[in-house]
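Peer 1: Next comes start_30.txt, compact mmCIF, C-alpha atoms:
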# COMPACT_ATOMS: atom_id res chain seq x y z
CA MET A 1 118.50 87.29 64.45
CA ALA A 2 118.78 88.19 60.78
CA GLU A 3 117.52 91.58 59.63
CA ARG A 4 114.65 90.00 57.69
CA ASP A 5 113.58 88.08 60.81
CA ARG A 6 113.51 91.33 62.84
CA VAL A 7 111.37 92.96 60.15
CA SER A 8 108.99 89.99 60.14
CA MET A 9 108.70 89.94 63.90
CA ALA A 10 108.08 93.70 64.10
CA ALA A 11 105.11 93.24 61.77
CA PHE A 12 103.59 90.72 64.17
CA TYR A 13 103.97 93.05 67.15
CA ARG A 14 102.24 95.90 65.28
CA ALA A 15 99.30 93.60 64.48
CA PHE A 16 98.14 93.39 68.10
CA PRO A 17 97.50 95.86 70.92
CA ALA A 18 100.65 96.82 72.83
CA SER A 19 99.23 95.29 76.01
CA MET A 20 99.60 91.86 74.39
CA LYS A 21 103.37 92.08 73.86
CA ALA A 22 104.24 89.25 76.26
CA HIS A 23 101.78 86.93 74.51
CA VAL A 24 103.08 87.93 71.09
CA ASP A 25 106.64 87.22 72.36
CA ALA A 26 105.62 83.63 73.12
CA VAL A 27 103.98 83.18 69.72
CA VAL A 28 106.88 84.70 67.81
CA ALA A 29 109.27 82.34 69.59
CA ALA A 30 107.13 79.36 68.50
CA LEU A 31 106.68 80.39 64.85
CA PRO A 32 108.87 78.87 62.13
CA VAL A 33 111.21 81.15 60.20
CA ALA A 34 109.42 83.10 57.48
CA HIS A 35 110.16 82.53 53.79
CA ARG A 36 110.10 86.29 53.37
CA ALA A 37 108.91 89.38 55.22
CA PRO A 38 105.15 89.95 55.50
CA SER A 39 103.59 92.17 52.88
CA ASP A 40 102.50 95.68 53.77
CA GLY A 41 99.70 95.89 56.23
CA PHE A 42 96.43 97.67 56.72
CA ALA A 43 95.78 99.94 59.68
CA VAL A 44 92.67 99.68 61.82
CA ASN A 45 91.48 101.08 65.13
CA VAL A 46 91.00 98.58 67.93
CA GLY A 47 89.76 100.36 70.99
CA ASP A 48 91.93 103.45 71.37
CA GLU A 49 94.87 101.96 69.51
CA VAL A 50 95.89 101.73 65.85
CA ILE A 51 97.22 98.34 64.85
CA VAL A 52 98.71 97.39 61.48
CA ILE A 53 97.91 93.87 60.29
CA PRO A 54 100.02 92.33 57.52
CA TYR A 55 98.07 91.70 54.36
CA ARG A 56 99.95 88.42 53.79
CA VAL A 57 102.47 86.41 55.80
CA TYR A 58 104.91 83.91 54.35
CA ILE A 59 105.68 81.55 57.20
CA PRO A 60 105.45 77.80 56.81
CA GLU A 61 102.27 76.36 58.23
CA SER A 62 103.18 75.08 61.63
CA PRO A 63 101.95 71.84 63.12
CA PRO A 64 99.54 72.40 66.02
CA PHE A 65 101.27 74.31 68.78
CA ASP A 66 102.15 72.39 71.88
CA ALA A 67 100.76 73.05 75.33
CA SER A 68 103.40 75.74 75.96
CA LEU A 69 101.13 78.34 74.34
CA SER A 70 98.18 79.68 76.28
CA THR A 71 94.69 79.93 74.82
CA VAL A 72 95.28 83.62 74.02
CA GLU A 73 98.61 82.83 72.38
CA THR A 74 97.06 80.08 70.27
CA LEU A 75 94.46 82.61 69.16
CA ILE A 76 97.21 85.12 68.27
CA ALA A 77 98.86 82.43 66.14
CA ALA A 78 95.52 81.75 64.41
CA CYS A 79 95.20 85.48 63.66
CA ILE A 80 98.70 85.54 62.16
CA TYR A 81 98.02 82.44 60.07
CA SER A 82 94.70 83.92 58.92
CA ARG A 83 96.87 86.28 56.85
CA HIS A 84 98.80 83.37 55.25
CA PHE A 85 99.47 83.41 51.52
CA ASP A 86 97.70 80.04 51.15
CA GLY A 87 93.89 80.31 51.12
CA PHE A 88 93.51 76.82 52.60
CA VAL A 89 95.55 77.90 55.63
CA ARG A 90 93.44 81.07 56.00
CA GLN A 91 90.28 78.97 55.83
CA ARG A 92 91.49 76.53 58.53
CA GLN A 93 92.35 79.40 60.88
CA LEU A 94 88.95 81.05 60.51
CA SER A 95 87.31 78.30 62.59
CA SER A 96 89.42 79.30 65.60
CA LEU A 97 88.68 82.99 65.11
CA LEU A 98 84.93 82.49 64.90
CA ILE A 99 84.68 81.33 68.51
CA ALA A 100 86.74 84.22 69.91
CA ASP A 101 85.12 87.26 71.47
CA ASP A 102 88.20 89.48 71.76
CA ASP A 103 88.05 92.93 70.14
CA TRP A 104 91.48 92.47 68.56
CA VAL A 105 90.26 89.39 66.62
CA VAL A 106 87.50 91.34 64.81
CA PRO A 107 89.70 92.91 62.08
CA PHE A 108 91.22 89.52 61.25
CA VAL A 109 87.74 88.05 60.77
CA LEU A 110 86.42 91.01 58.78
CA GLN A 111 89.47 91.02 56.52
CA LEU A 112 88.51 87.46 55.57
CA ALA A 113 85.07 88.75 54.54
CA GLY A 114 86.81 90.58 51.69
CA GLU A 115 88.54 87.46 50.37
CA TYR A 116 88.23 86.00 46.88
CA VAL A 117 88.16 82.42 48.19
CA VAL A 118 84.45 81.61 48.26
CA GLU A 119 84.93 78.69 50.65
CA ILE A 120 86.20 81.16 53.26
CA LEU A 121 83.15 83.34 52.67
CA GLN A 122 80.81 80.36 52.90
CA LEU A 123 82.33 79.29 56.23
CA LEU A 124 82.13 82.81 57.59
CA ASP A 125 78.57 83.17 56.29
CA ARG A 126 77.47 80.00 58.13
CA HIS A 127 78.75 81.44 61.42
CA THR A 128 78.09 85.16 61.07
CA GLN A 129 74.97 85.08 63.26
CA SER A 130 77.05 83.80 66.18
CA LEU A 131 79.46 86.74 66.06
CA SER A 132 78.95 89.52 68.56
CA GLY A 133 76.87 92.06 66.67
CA ASP A 134 77.68 94.97 68.97
CA GLN A 135 81.39 94.20 68.95
CA TYR A 136 81.50 94.04 65.16
CA ARG A 137 79.27 97.07 64.72
CA GLN A 138 81.54 99.09 67.04
CA PHE A 139 84.53 98.07 64.95
CA THR A 140 82.80 98.95 61.67
CA SER A 141 81.81 102.39 62.96
CA SER A 142 85.40 103.04 64.14
CA ASN A 143 86.97 101.93 60.85
CA PRO A 144 84.97 103.38 57.93
CA LEU A 145 87.88 103.33 55.44
CA PHE A 146 88.63 99.67 56.19
CA ILE A 147 84.94 98.80 55.82
CA GLU A 148 84.64 100.68 52.51
CA ARG A 149 87.67 98.81 51.14
CA THR A 150 86.25 95.49 52.36
CA LYS A 151 82.90 96.23 50.73
CA ALA A 152 84.65 97.18 47.48
CA ARG A 153 86.53 93.87 47.53
CA ILE A 154 83.33 91.94 48.17
CA VAL A 155 81.63 93.59 45.19
CA SER A 156 84.70 93.26 42.96
CA TYR A 157 85.30 89.57 43.67
CA TRP A 158 81.61 88.79 43.23
CA ASN A 159 81.57 90.63 39.91
CA CYS A 160 84.80 89.08 38.65
CA TYR A 161 84.52 85.47 39.85
CA TYR A 162 81.09 84.64 41.26
CA ARG A 163 78.46 86.61 39.37
CA ASN A 164 77.39 83.52 37.41
CA GLN A 165 77.21 81.35 40.53
CA TYR A 166 75.34 84.08 42.48
CA PRO A 167 73.42 86.17 39.89
CA ASN A 168 71.67 88.06 42.68
CA PHE A 169 74.32 89.91 44.71
CA ARG A 170 72.17 89.64 47.84
CA ASN A 171 72.64 85.84 47.74
CA TYR A 172 76.45 86.08 47.58
CA PRO A 173 78.00 85.06 50.92
CA GLY A 174 80.12 88.21 51.06
CA TYR A 175 77.04 90.41 50.82
CA ARG A 176 75.16 88.38 53.46
CA ILE A 177 78.12 88.63 55.84
CA GLY A 178 78.21 92.40 55.43
CA GLU A 179 74.45 92.63 55.87
CA VAL A 180 74.48 90.76 59.20
CA LEU A 181 77.46 92.76 60.46
CA GLY A 182 75.96 96.11 59.48
CA MET A 183 78.43 96.96 56.72
CA TRP A 184 75.91 97.91 54.02
CA ASN A 185 73.68 100.92 53.86
CA SER A 186 70.19 100.65 52.36
CA ALA A 187 71.40 101.22 48.78
CA ALA A 188 74.40 98.87 48.94
CA GLY A 189 72.64 95.81 47.59
CA GLU A 190 71.07 97.46 44.58
CA LEU A 191 73.27 95.66 42.05
Would it be possible to restate this file's structure as structure tokens?
Peer 2:
Amino acid sequence: MAERDRVSMAAFYRAFPASMKAHVDAVVAALPVAHRAPSDGFAVNVGDEVIVIPYRVYIPESPPFDASLSTVETLIAACIYSRHFDGFVRQRQLSSLLIADDDWVVPFVLQLAGEYVVEILQLLDRHTQSLSGDQYRQFTSSNPLFIERTKARIVSYWNCYYRNQYPNFRNYPGYRIGEVLGMWNSAAGEL
């Protein structure tokens, strides 16, 4: 395995709890070779463990995985592809993540809430009510720095790209997502 491939694979292992190593092994074996190593990641707490999720991955979009991957492994692949450099790929993967109830999926979903692609936000906004409130609230309380950065991105992208489309910040899908998931305090929407 080339050095760059080892670096890429190590990033995928750090993105999931250590107890999932065997599942990540299966996914890594099924993934196509990356164009380049993943970009630096962001650290979050999942349970009692710190994981580091790549900000972007540069692997070719794979055709649907065959039956050799389990349901959990297919979900791991969707998490990895949710960090893809192509916004259309990230959007397609979100549908799979929205039906999952695993704690380790939460940061992948919430990272998408801070995206600049409004179609991703609109999809997430349509399904936010179905997400486990307690699970997401637990994550937000355990990861205040991550949540503050996500909120800052939501505000920044609204201000830069979508202020004309959504003159009232409270109507912007990113704000509504954060509101349902308990990310905003009472003064957050006073823009």
Peer 1: Counting only C-alpha atoms, what is within 12 Å of stretch 115-130 of chain A, bar same-chain residues fewer than 4 positions away, as JSON, numbers by chain?
Peer 2: {"A": [55, 56, 82, 83, 85, 86, 87, 88, 89, 90, 91, 92, 93, 94, 95, 96, 97, 98, 99, 100, 101, 106, 108, 109, 110, 111, 134, 135, 136, 149, 150, 151, 152, 153, 154, 155, 156, 157, 158, 159, 160, 161, 162, 163, 165, 166, 171, 172, 173, 174, 175, 176, 177, 178, 179, 180, 181, 182]}
Peer 1: For stretch 20-32 of chain A, please output as a short mmCIF file (atom, residue, chain, number, x, y, z; two decimals) with C-alpha atoms, in the frame of the given file all residues within 7 Å (counting all atoms listed in the file; exclusion window: fewer than 5 positions along the same chain).
Peer 2:
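Saved file around24.cif follows:
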data_model
loop_
_atom_site.label_atom_id
_atom_site.label_comp_id
_atom_site.auth_asym_id
_atom_site.auth_seq_id
_atom_site.Cartn_x
_atom_site.Cartn_y
_atom_site.Cartn_z
CA MET A 9 108.70 89.94 63.90
CA TYR A 13 103.97 93.05 67.15
CA ILE A 59 105.68 81.55 57.20
CA PRO A 60 105.45 77.80 56.81
CA SER A 62 103.18 75.08 61.63
CA GLU A 73 98.61 82.83 72.38
CA ALA A 77 98.86 82.43 66.14
#
Peer 1: Between atom CA of A:Val57 and atom CA of A:Phe42, what distance in Å does the model show, to one decimal?
Peer 2: 12.8 Å
Peer 1: Tell me, in Å to one decimal, how far atom CA of A:Ser70 is from atom CA of A:Phe12.
Peer 2: 17.3 Å
Peer 1: In terms of the shortest atom-to-atom distance over only C-alpha atoms, which of A:Val44, A:Ile53, A:Pro107, A:Ile80 is closest to A:Leu145?
Peer 2: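 Looking at the shortest contact to A:Leu145, the residue is A:Val44.
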Peer 1: Mind pulling up the distance from atom CA of A:Arg170 to atom CA of A:Glu148?
Peer 2: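 Separation of atom CA of A:Glu148 and atom CA of A:Arg170: 17.3 Å.
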Peer 1: Residues near A:Gly47, anyone? I mean within 9 Å using all atoms listed in the file, not counting same-chain ones fewer than 5 positions away, as an NGL selection string.
Peer 2: :A and (17 or 103-104 or 139 or 142)
Peer 1: With all atoms listed in the file as the atoms that count, which of A:Ala34, A:Val52, A:Ala11, A:Val105 lies nearest to A:Ala78?
Peer 2: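 Smallest separation from A:Ala78 among the options: A:Val105.
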